[in-house]
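Pasted below: data.csv, CSV, C-alpha atoms.
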chain,number,residue,atom,x,y,z
A,100,MET,CA,71.7,100.5,66.2
A,101,LEU,CA,74.7,98.8,67.6
A,102,VAL,CA,76.4,102.1,68.3
A,103,ALA,CA,73.3,103.3,70.2
A,104,ALA,CA,73.4,100.1,72.3
A,105,TYR,CA,77.0,100.7,73.2
A,106,VAL,CA,76.4,104.4,74.1
A,107,ALA,CA,73.5,103.4,76.3
A,108,PHE,CA,75.6,100.7,77.9
A,109,ALA,CA,78.4,103.2,78.6
A,110,LEU,CA,76.0,105.6,80.2
A,111,LEU,CA,74.5,102.9,82.4
A,112,LEU,CA,77.9,101.7,83.4
A,113,LEU,CA,79.0,105.2,84.4
A,114,ILE,CA,75.8,105.7,86.4
A,115,CYS,CA,76.4,102.3,88.1
A,116,ILE,CA,80.0,103.2,89.0
A,117,GLY,CA,78.9,106.6,90.3
A,118,LEU,CA,76.2,105.1,92.5
A,119,GLU,CA,78.6,102.5,93.9
A,120,LEU,CA,81.3,105.2,94.7
A,121,SER,CA,78.6,107.3,96.3
A,122,ALA,CA,77.4,104.4,98.4
A,123,CYS,CA,80.9,103.6,99.4
A,124,ARG,CA,81.5,107.1,100.6
A,125,SER,CA,78.3,107.1,102.6
A,126,LYS,CA,79.3,103.8,104.3
A,127,LEU,CA,82.9,104.7,105.0
A,128,THR,CA,83.4,104.9,108.8
A,129,GLY,CA,86.3,104.2,111.1
A,130,ARG,CA,89.9,104.5,110.3
A,131,SER,CA,90.2,102.2,107.3
A,132,CYS,CA,89.1,104.9,104.8
A,133,SER,CA,91.7,107.3,106.0
A,134,ASN,CA,94.6,105.0,106.8
A,135,PRO,CA,97.3,105.6,104.1
A,136,ALA,CA,99.1,102.4,104.8
A,137,PHE,CA,95.9,100.3,104.4
A,138,LEU,CA,94.9,102.2,101.2
A,139,ARG,CA,98.4,101.5,99.7
A,140,PHE,CA,98.1,97.9,100.7
A,141,GLN,CA,94.7,97.6,99.1
A,142,LEU,CA,96.0,99.2,95.9
A,143,ASP,CA,98.9,96.8,95.7
A,144,TYR,CA,96.4,93.9,96.0
A,145,TYR,CA,94.0,95.3,93.4
A,146,GLN,CA,96.7,96.0,90.8
A,147,VAL,CA,97.6,92.4,90.6
A,148,TYR,CA,94.2,90.8,91.3
A,149,PHE,CA,92.3,92.9,88.8
A,150,LEU,CA,94.9,92.1,86.1
A,151,ALA,CA,94.3,88.4,86.8
A,152,LEU,CA,90.5,88.9,86.7
A,153,ALA,CA,90.7,90.8,83.4
A,154,ALA,CA,92.8,88.0,81.8
A,155,ASP,CA,90.3,85.4,83.0
A,156,TRP,CA,87.2,87.3,81.7
A,157,LEU,CA,88.8,88.2,78.4
A,158,GLN,CA,89.0,84.7,77.2
A,159,GLY,CA,85.3,83.9,77.7
A,160,PRO,CA,83.3,85.7,74.9
A,161,TYR,CA,85.1,84.3,71.9
A,162,LEU,CA,86.4,80.9,73.1
A,163,TYR,CA,83.7,78.9,71.4
A,164,LYS,CA,84.1,80.9,68.2
A,165,LEU,CA,87.8,80.3,68.3
A,166,TYR,CA,87.3,76.5,68.3
A,167,GLN,CA,84.8,76.9,65.5
A,168,HIS,CA,87.4,79.0,63.7
A,169,TYR,CA,89.8,76.0,64.0
A,170,ASN,CA,87.1,73.9,62.2
A,171,PHE,CA,86.4,71.5,65.1
A,172,LEU,CA,83.0,69.7,65.3
A,173,GLU,CA,80.5,70.6,68.0
A,174,ALA,CA,81.1,67.3,69.7
A,175,GLN,CA,84.9,67.9,69.8
A,176,ILE,CA,84.3,71.4,71.2
A,177,THR,CA,82.0,69.9,73.9
A,178,ILE,CA,84.8,67.5,75.0
A,179,ILE,CA,87.2,70.5,75.3
A,180,TYR,CA,84.8,72.4,77.5
A,181,VAL,CA,84.1,69.3,79.6
A,182,CYS,CA,87.8,68.8,80.2
A,183,GLY,CA,88.1,72.4,81.3
A,184,PHE,CA,85.1,72.3,83.7
A,185,ALA,CA,86.2,68.9,85.2
A,186,SER,CA,89.7,70.3,85.7
A,187,SER,CA,88.4,73.4,87.5
A,188,VAL,CA,86.3,71.2,89.8
A,189,LEU,CA,89.0,68.7,90.6
A,190,PHE,CA,91.7,71.3,91.1
A,191,GLY,CA,89.2,73.4,93.1
A,192,LEU,CA,89.0,70.6,95.6
A,193,VAL,CA,92.7,70.6,96.3
A,194,SER,CA,93.5,74.3,95.6
A,195,THR,CA,93.5,75.2,99.3
A,196,SER,CA,96.0,72.4,100.2
A,197,LEU,CA,98.1,73.4,97.1
A,198,VAL,CA,98.3,77.0,98.3
A,199,ASP,CA,99.3,75.9,101.8
A,200,ARG,CA,102.0,73.6,100.4
A,201,LEU,CA,103.5,76.0,97.8
A,202,GLY,CA,102.9,79.2,99.8
A,203,ARG,CA,100.7,82.1,98.9
A,204,LYS,CA,103.1,84.2,96.8
A,205,LYS,CA,104.3,81.2,94.8
A,206,SER,CA,100.8,80.1,94.2
A,207,CYS,CA,99.9,83.5,92.7
A,208,ILE,CA,102.9,83.4,90.5
A,209,LEU,CA,102.0,79.9,89.5
A,210,PHE,CA,98.6,81.2,88.4
A,211,SER,CA,100.3,83.7,86.1
A,212,MET,CA,102.6,81.0,84.6
A,213,THR,CA,99.9,78.4,84.0
A,214,TYR,CA,97.6,81.0,82.6
A,215,SER,CA,100.2,82.3,80.2
A,216,ILE,CA,100.8,78.8,78.9
A,217,CYS,CA,97.0,78.3,78.7
A,218,CYS,CA,96.8,81.4,76.5
A,219,LEU,CA,99.6,80.2,74.2
A,220,THR,CA,98.0,76.8,73.7
A,221,LYS,CA,94.9,78.4,72.3
A,222,LEU,CA,97.0,79.7,69.4
A,223,SER,CA,97.5,76.0,68.4
A,224,TRP,CA,95.3,74.2,65.9
A,225,ASP,CA,96.2,70.9,67.5
A,226,TYR,CA,93.2,69.3,69.3
A,227,PHE,CA,95.1,67.7,72.2
A,228,VAL,CA,97.1,70.9,72.8
A,229,LEU,CA,93.8,72.7,73.2
A,230,ILE,CA,92.6,70.1,75.7
A,231,PHE,CA,95.8,70.5,77.6
A,232,GLY,CA,95.3,74.2,77.6
A,233,ARG,CA,91.8,73.9,79.0
A,234,ILE,CA,93.1,71.6,81.8
A,235,LEU,CA,95.7,74.3,82.7
A,236,GLY,CA,92.9,76.8,82.6
A,237,GLY,CA,91.0,74.8,85.2
A,238,LEU,CA,94.1,74.9,87.4
A,239,SER,CA,94.5,78.6,86.9
A,240,THR,CA,90.8,79.3,87.8
A,241,ALA,CA,91.1,77.3,91.0
A,242,LEU,CA,94.3,79.3,91.9
A,243,LEU,CA,92.7,82.6,91.0
A,244,PHE,CA,89.9,82.2,93.5
A,245,SER,CA,92.0,80.8,96.3
A,246,ALA,CA,95.6,82.0,96.2
A,247,PHE,CA,95.1,85.7,95.9
A,248,GLU,CA,92.5,85.9,98.7
A,249,ALA,CA,94.7,83.7,100.9
A,250,TRP,CA,97.7,86.0,100.3
A,251,TYR,CA,95.6,89.1,101.1
A,252,VAL,CA,94.1,87.8,104.4
A,253,HIS,CA,97.5,86.6,105.6
A,254,GLU,CA,99.3,89.9,104.8
A,255,HIS,CA,96.4,91.9,106.2
A,256,VAL,CA,96.4,90.2,109.6
A,257,GLU,CA,99.9,88.8,110.0
A,258,ARG,CA,102.2,91.3,108.3
A,259,TYR,CA,100.4,94.6,108.6
A,260,ASP,CA,98.4,93.9,111.7
A,261,PHE,CA,95.3,95.7,110.3
A,262,PRO,CA,92.0,95.0,112.1
A,263,ALA,CA,90.2,91.9,110.7
A,264,GLU,CA,87.0,94.0,110.4
A,265,TRP,CA,88.6,95.8,107.5
A,266,ILE,CA,88.9,92.7,105.3
A,267,PRO,CA,85.2,92.7,104.1
A,268,ALA,CA,85.7,96.2,102.7
A,269,THR,CA,88.5,95.1,100.4
A,270,PHE,CA,86.6,92.0,99.2
A,271,SER,CA,83.4,94.0,98.7
A,272,LYS,CA,85.2,96.4,96.4
A,273,ALA,CA,86.8,93.5,94.6
A,274,ALA,CA,83.5,91.9,94.0
A,275,PHE,CA,82.0,95.1,92.5
A,276,TRP,CA,85.0,95.8,90.2
A,277,ASN,CA,85.0,92.1,89.2
A,278,SER,CA,81.6,92.7,87.6
A,279,VAL,CA,82.8,95.9,85.9
A,280,ILE,CA,86.0,94.2,84.6
A,281,ALA,CA,83.9,91.3,83.3
A,282,ILE,CA,81.7,93.7,81.3
A,283,GLY,CA,84.6,95.7,80.0
A,284,ALA,CA,86.5,92.5,79.0
A,285,GLY,CA,83.5,91.4,77.0
A,286,VAL,CA,83.2,94.7,75.2
A,287,ALA,CA,87.0,94.8,74.5
A,288,ALA,CA,86.9,91.3,73.0
A,289,ASN,CA,84.0,92.3,70.8
A,290,VAL,CA,85.8,95.5,69.6
A,291,PHE,CA,89.0,93.6,68.7
A,292,ALA,CA,87.2,90.5,67.2
A,293,GLU,CA,84.3,92.2,65.4
A,294,TRP,CA,84.7,95.9,65.0
A,295,LEU,CA,88.3,95.8,64.0
A,296,GLY,CA,87.8,92.5,62.1
A,297,LEU,CA,90.7,90.8,63.7
A,298,GLY,CA,88.8,87.6,64.4
A,299,PRO,CA,88.4,85.3,67.5
A,300,VAL,CA,92.2,85.0,67.9
A,301,ALA,CA,92.7,88.7,68.6
A,302,PRO,CA,91.6,88.6,72.4
A,303,LEU,CA,94.2,85.9,73.0
A,304,HIS,CA,97.1,88.4,72.4
A,305,GLY,CA,95.6,90.7,75.0
A,306,LEU,CA,95.3,87.7,77.3
A,307,HIS,CA,98.9,86.8,77.0
A,308,SER,CA,99.9,90.4,77.6
A,309,LEU,CA,97.8,90.7,80.7
A,310,SER,CA,99.2,87.4,82.1
A,311,HIS,CA,102.7,88.5,81.3
A,312,ASP,CA,102.2,91.8,83.1
A,313,GLY,CA,100.5,90.1,86.0
A,314,TRP,CA,103.5,87.8,86.4
A,315,HIS,CA,106.0,90.6,86.6
A,316,LEU,CA,103.7,92.9,88.7
A,317,GLY,CA,102.9,90.0,91.0
A,318,SER,CA,106.5,89.2,91.6
A,319,GLU,CA,107.1,92.8,92.7
A,320,GLU,CA,103.9,93.7,94.6
A,321,LEU,CA,103.3,90.3,96.3
A,322,GLY,CA,106.9,90.1,97.6
Rewrite the coordinates I just gave you, this time as structure tokens.
Amino acid sequence: MLVAAYVAFALLLLICIGLELSACRSKLTGRSCSNPAFLRFQLDYYQVYFLALAADWLQGPYLYKLYQHYNFLEAQITIIYVCGFASSVLFGLVSTSLVDRLGRKKSCILFSMTYSICCLTKLSWDYFVLIFGRILGGLSTALLFSAFEAWYVHEHVERYDFPAEWIPATFSKAAFWNSVIAIGAGVAANVFAEWLGLGPVAPLHGLHSLSHDGWHLGSEELG
């Protein structure tokens, strides 16, 4: 039954991607779709940003189960989550100022650093280390949805001097693939944790690998 559900899901996902690509082709007008420099620039951005999104989505499905695996009570788990959400809200209020102060490239690399540390803290059984990790996760989330977009807009307009009208095309594709990555990350986490029987800790190793790759790729592509 579960196999049939995954097969149906895969078929629906392929249909969805096909329809989206078809719609994109039908809407492609102007020089943006045929400008090699712009397409290369888009690809550089997507390579780094999609890795960051994949790392962010991969942690979600089994985070609660991970805390249960560490034998924490529901009230304790609630506090961990509240700390994470509060951190995300508070850092979200100052993320724009932080990006302006540090610079766009440094802020993107800071995301990779803080997220890598956040992943490592989840391997600990210590309660306060996990809370610290969730606070770092809130900072990382705030940077994820501010630093990368700020870098892209600046480079698009200031460095490459592409028309500003082309910016929505990049963010529109990013929004679509963000949804696909979220679904794929959930399936991948389920495969490692349940199908392969590796438990709720398994997705964390993929998280650290993605964050590490994003760090190095970001240093090269966002230079």
Checklist entry - Could you work out how far atom CA of Trp156 of chain A lies from atom CA of Val228 of chain A, giving the answer in Å with one decimal? => result 21.1 Å
Checklist entry - Hey, can you check how far atom CA of Gln141 of chain A sits from atom CA of Phe270 of chain A? => result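 Going from atom CA of Gln141 of chain A over to atom CA of Phe270 of chain A, I get 9.8 Å.
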Next on the checklist: Counting only C-alpha atoms, which residue out of A:Pro262, A:Pro299, A:Ser278, A:Tyr251 sits closest to Val147 of chain A?
Outcome noted: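 So, comparing all the options, the nearest one is A:Tyr251.
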Checklist entry - Which of these, A:Pro160, A:Gly237, A:Gly202, A:Pro135, has the shortest distance to Gly285 of chain A once you count only C-alpha atoms? => result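 Distance minimum relative to Gly285 of chain A lands on A:Pro160.
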Next on the checklist: Just want the 12 Å neighbourhood of Val198 of chain A, counted on only C-alpha atoms, with same-chain residues fewer than 4 positions away dropped. Output as JSON, numbers by chain.
Outcome noted: {"A": [190, 191, 192, 193, 194, 202, 203, 204, 205, 206, 207, 208, 209, 210, 238, 241, 242, 243, 244, 245, 246, 247, 248, 249, 250]}
Checklist entry - How many Å lie between atom CA of Leu222 of chain A and atom CA of Asn277 of chain A, rounded to one decimal? => result 26.3 Å
Using all atoms listed in the file, find each residue of segment 213-244 of chain A with at least one atom at most 10 Å away from an atom of segment 164-170 of chain A; report its shortest atom-to-atom pair and that distance in Å (one decimal), sort the rows by chain and rising residue number, and return the result as a Markdown table.
| residue | atom | partner | partner_atom | distance |
| --- | --- | --- | --- | --- |
| A:Lys221 | CA | A:Leu165 | CA | 8.4 |
| A:Leu222 | CA | A:Leu165 | CA | 9.3 |
| A:Ser223 | CA | A:Tyr169 | CA | 8.9 |
| A:Trp224 | CA | A:Tyr169 | CA | 6.1 |
| A:Asp225 | CA | A:Tyr169 | CA | 8.9 |
| A:Tyr226 | CA | A:Tyr169 | CA | 9.2 |
| A:Leu229 | CA | A:Tyr166 | CA | 9.0 |
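In this comparison, which uses only C-alpha atoms, the residue of A:Tyr163, A:Leu295, A:Ala174, A:Phe140 approaching Ile266 of chain A most closely is A:Phe140.
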Checklist entry - Which one is closest to Tyr259 of chain A: A:Leu162, A:Ala281, A:Val286, A:Leu138? Count only C-alpha atoms. => result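 Smallest distance to Tyr259 of chain A is found for A:Leu138.
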Checklist outcome for this item: Judged by only C-alpha atoms, the minimum distance to Leu219 of chain A among A:Gln146, A:Gln158, A:Ser271, A:Asn289 is found for A:Gln158
Skipping near chain neighbours, those fewer than 6 positions away, what residues fall within 12 Å of Val279 of chain A using all atoms listed in the file, listed as an mmCIF file with C-alpha atoms, keeping the file's coordinate frame?
data_model
loop_
_atom_site.group_PDB
_atom_site.id
_atom_site.type_symbol
_atom_site.label_atom_id
_atom_site.label_comp_id
_atom_site.auth_asym_id
_atom_site.auth_seq_id
_atom_site.Cartn_x
_atom_site.Cartn_y
_atom_site.Cartn_z
ATOM 1 C CA PHE A 108 75.600 100.700 77.900
ATOM 2 C CA ALA A 109 78.400 103.200 78.600
ATOM 3 C CA LEU A 111 74.500 102.900 82.400
ATOM 4 C CA LEU A 112 77.900 101.700 83.400
ATOM 5 C CA LEU A 113 79.000 105.200 84.400
ATOM 6 C CA CYS A 115 76.400 102.300 88.100
ATOM 7 C CA ILE A 116 80.000 103.200 89.000
ATOM 8 C CA GLU A 119 78.600 102.500 93.900
ATOM 9 C CA PHE A 149 92.300 92.900 88.800
ATOM 10 C CA LEU A 152 90.500 88.900 86.700
ATOM 11 C CA ALA A 153 90.700 90.800 83.400
ATOM 12 C CA TRP A 156 87.200 87.300 81.700
ATOM 13 C CA LYS A 272 85.200 96.400 96.400
ATOM 14 C CA ALA A 273 86.800 93.500 94.600
ATOM 15 C CA GLY A 285 83.500 91.400 77.000
ATOM 16 C CA VAL A 286 83.200 94.700 75.200
#
Item to check | Shortest interatomic distance to Gln175 of chain A - which of A:Ile282, A:Ile230, A:Tyr148, A:Ser239, counting all atoms listed in the file | outcome: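 Ranking A:Ile282, A:Ile230, A:Tyr148, A:Ser239 by distance to Gln175 of chain A, first place goes to A:Ile230.
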Could you rebuild segment 175-192 of chain A with N, CA and C atoms and give me the result as an mmCIF file, in the frame of the given file?
data_model
loop_
_atom_site.group_PDB
_atom_site.id
_atom_site.type_symbol
_atom_site.label_atom_id
_atom_site.label_comp_id
_atom_site.auth_asym_id
_atom_site.auth_seq_id
_atom_site.Cartn_x
_atom_site.Cartn_y
_atom_site.Cartn_z
ATOM 1 N N GLN A 175 83.463 67.734 69.369
ATOM 2 C CA GLN A 175 84.900 67.900 69.800
ATOM 3 C C GLN A 175 84.987 69.128 70.724
ATOM 4 N N ILE A 176 84.275 70.200 70.394
ATOM 5 C CA ILE A 176 84.300 71.400 71.200
ATOM 6 C C ILE A 176 83.705 71.097 72.614
ATOM 7 N N THR A 177 82.652 70.284 72.619
ATOM 8 C CA THR A 177 82.000 69.900 73.900
ATOM 9 C C THR A 177 83.023 69.184 74.794
ATOM 10 N N ILE A 178 83.825 68.288 74.212
ATOM 11 C CA ILE A 178 84.800 67.500 75.000
ATOM 12 C C ILE A 178 85.858 68.507 75.582
ATOM 13 N N ILE A 179 86.271 69.495 74.797
ATOM 14 C CA ILE A 179 87.200 70.500 75.300
ATOM 15 C C ILE A 179 86.678 71.216 76.508
ATOM 16 N N TYR A 180 85.416 71.642 76.407
ATOM 17 C CA TYR A 180 84.800 72.400 77.500
ATOM 18 C C TYR A 180 84.629 71.466 78.737
ATOM 19 N N VAL A 181 84.233 70.216 78.520
ATOM 20 C CA VAL A 181 84.100 69.300 79.600
ATOM 21 C C VAL A 181 85.387 69.080 80.371
ATOM 22 N N CYS A 182 86.468 68.947 79.608
ATOM 23 C CA CYS A 182 87.800 68.800 80.200
ATOM 24 C C CYS A 182 88.140 70.017 81.071
ATOM 25 N N GLY A 183 87.799 71.194 80.567
ATOM 26 C CA GLY A 183 88.100 72.400 81.300
ATOM 27 C C GLY A 183 87.274 72.507 82.602
ATOM 28 N N PHE A 184 85.970 72.213 82.531
ATOM 29 C CA PHE A 184 85.100 72.300 83.700
ATOM 30 C C PHE A 184 85.518 71.219 84.743
ATOM 31 N N ALA A 185 85.821 70.003 84.254
ATOM 32 C CA ALA A 185 86.200 68.900 85.200
ATOM 33 C C ALA A 185 87.542 69.288 85.859
ATOM 34 N N SER A 186 88.472 69.871 85.095
ATOM 35 C CA SER A 186 89.700 70.300 85.700
ATOM 36 C C SER A 186 89.533 71.344 86.756
ATOM 37 N N SER A 187 88.654 72.300 86.482
ATOM 38 C CA SER A 187 88.400 73.400 87.500
ATOM 39 C C SER A 187 87.795 72.794 88.742
ATOM 40 N N VAL A 188 86.877 71.835 88.602
ATOM 41 C CA VAL A 188 86.300 71.200 89.800
ATOM 42 C C VAL A 188 87.285 70.425 90.582
ATOM 43 N N LEU A 189 88.067 69.597 89.896
ATOM 44 C CA LEU A 189 89.000 68.700 90.600
ATOM 45 C C LEU A 189 90.131 69.548 91.255
ATOM 46 N N PHE A 190 90.682 70.516 90.538
ATOM 47 C CA PHE A 190 91.700 71.300 91.100
ATOM 48 C C PHE A 190 91.153 72.248 92.236
ATOM 49 N N GLY A 191 89.864 72.617 92.087
ATOM 50 C CA GLY A 191 89.200 73.400 93.100
ATOM 51 C C GLY A 191 89.162 72.705 94.462
ATOM 52 N N LEU A 192 89.054 71.374 94.416
ATOM 53 C CA LEU A 192 89.000 70.600 95.600
ATOM 54 C C LEU A 192 90.303 70.576 96.409
#
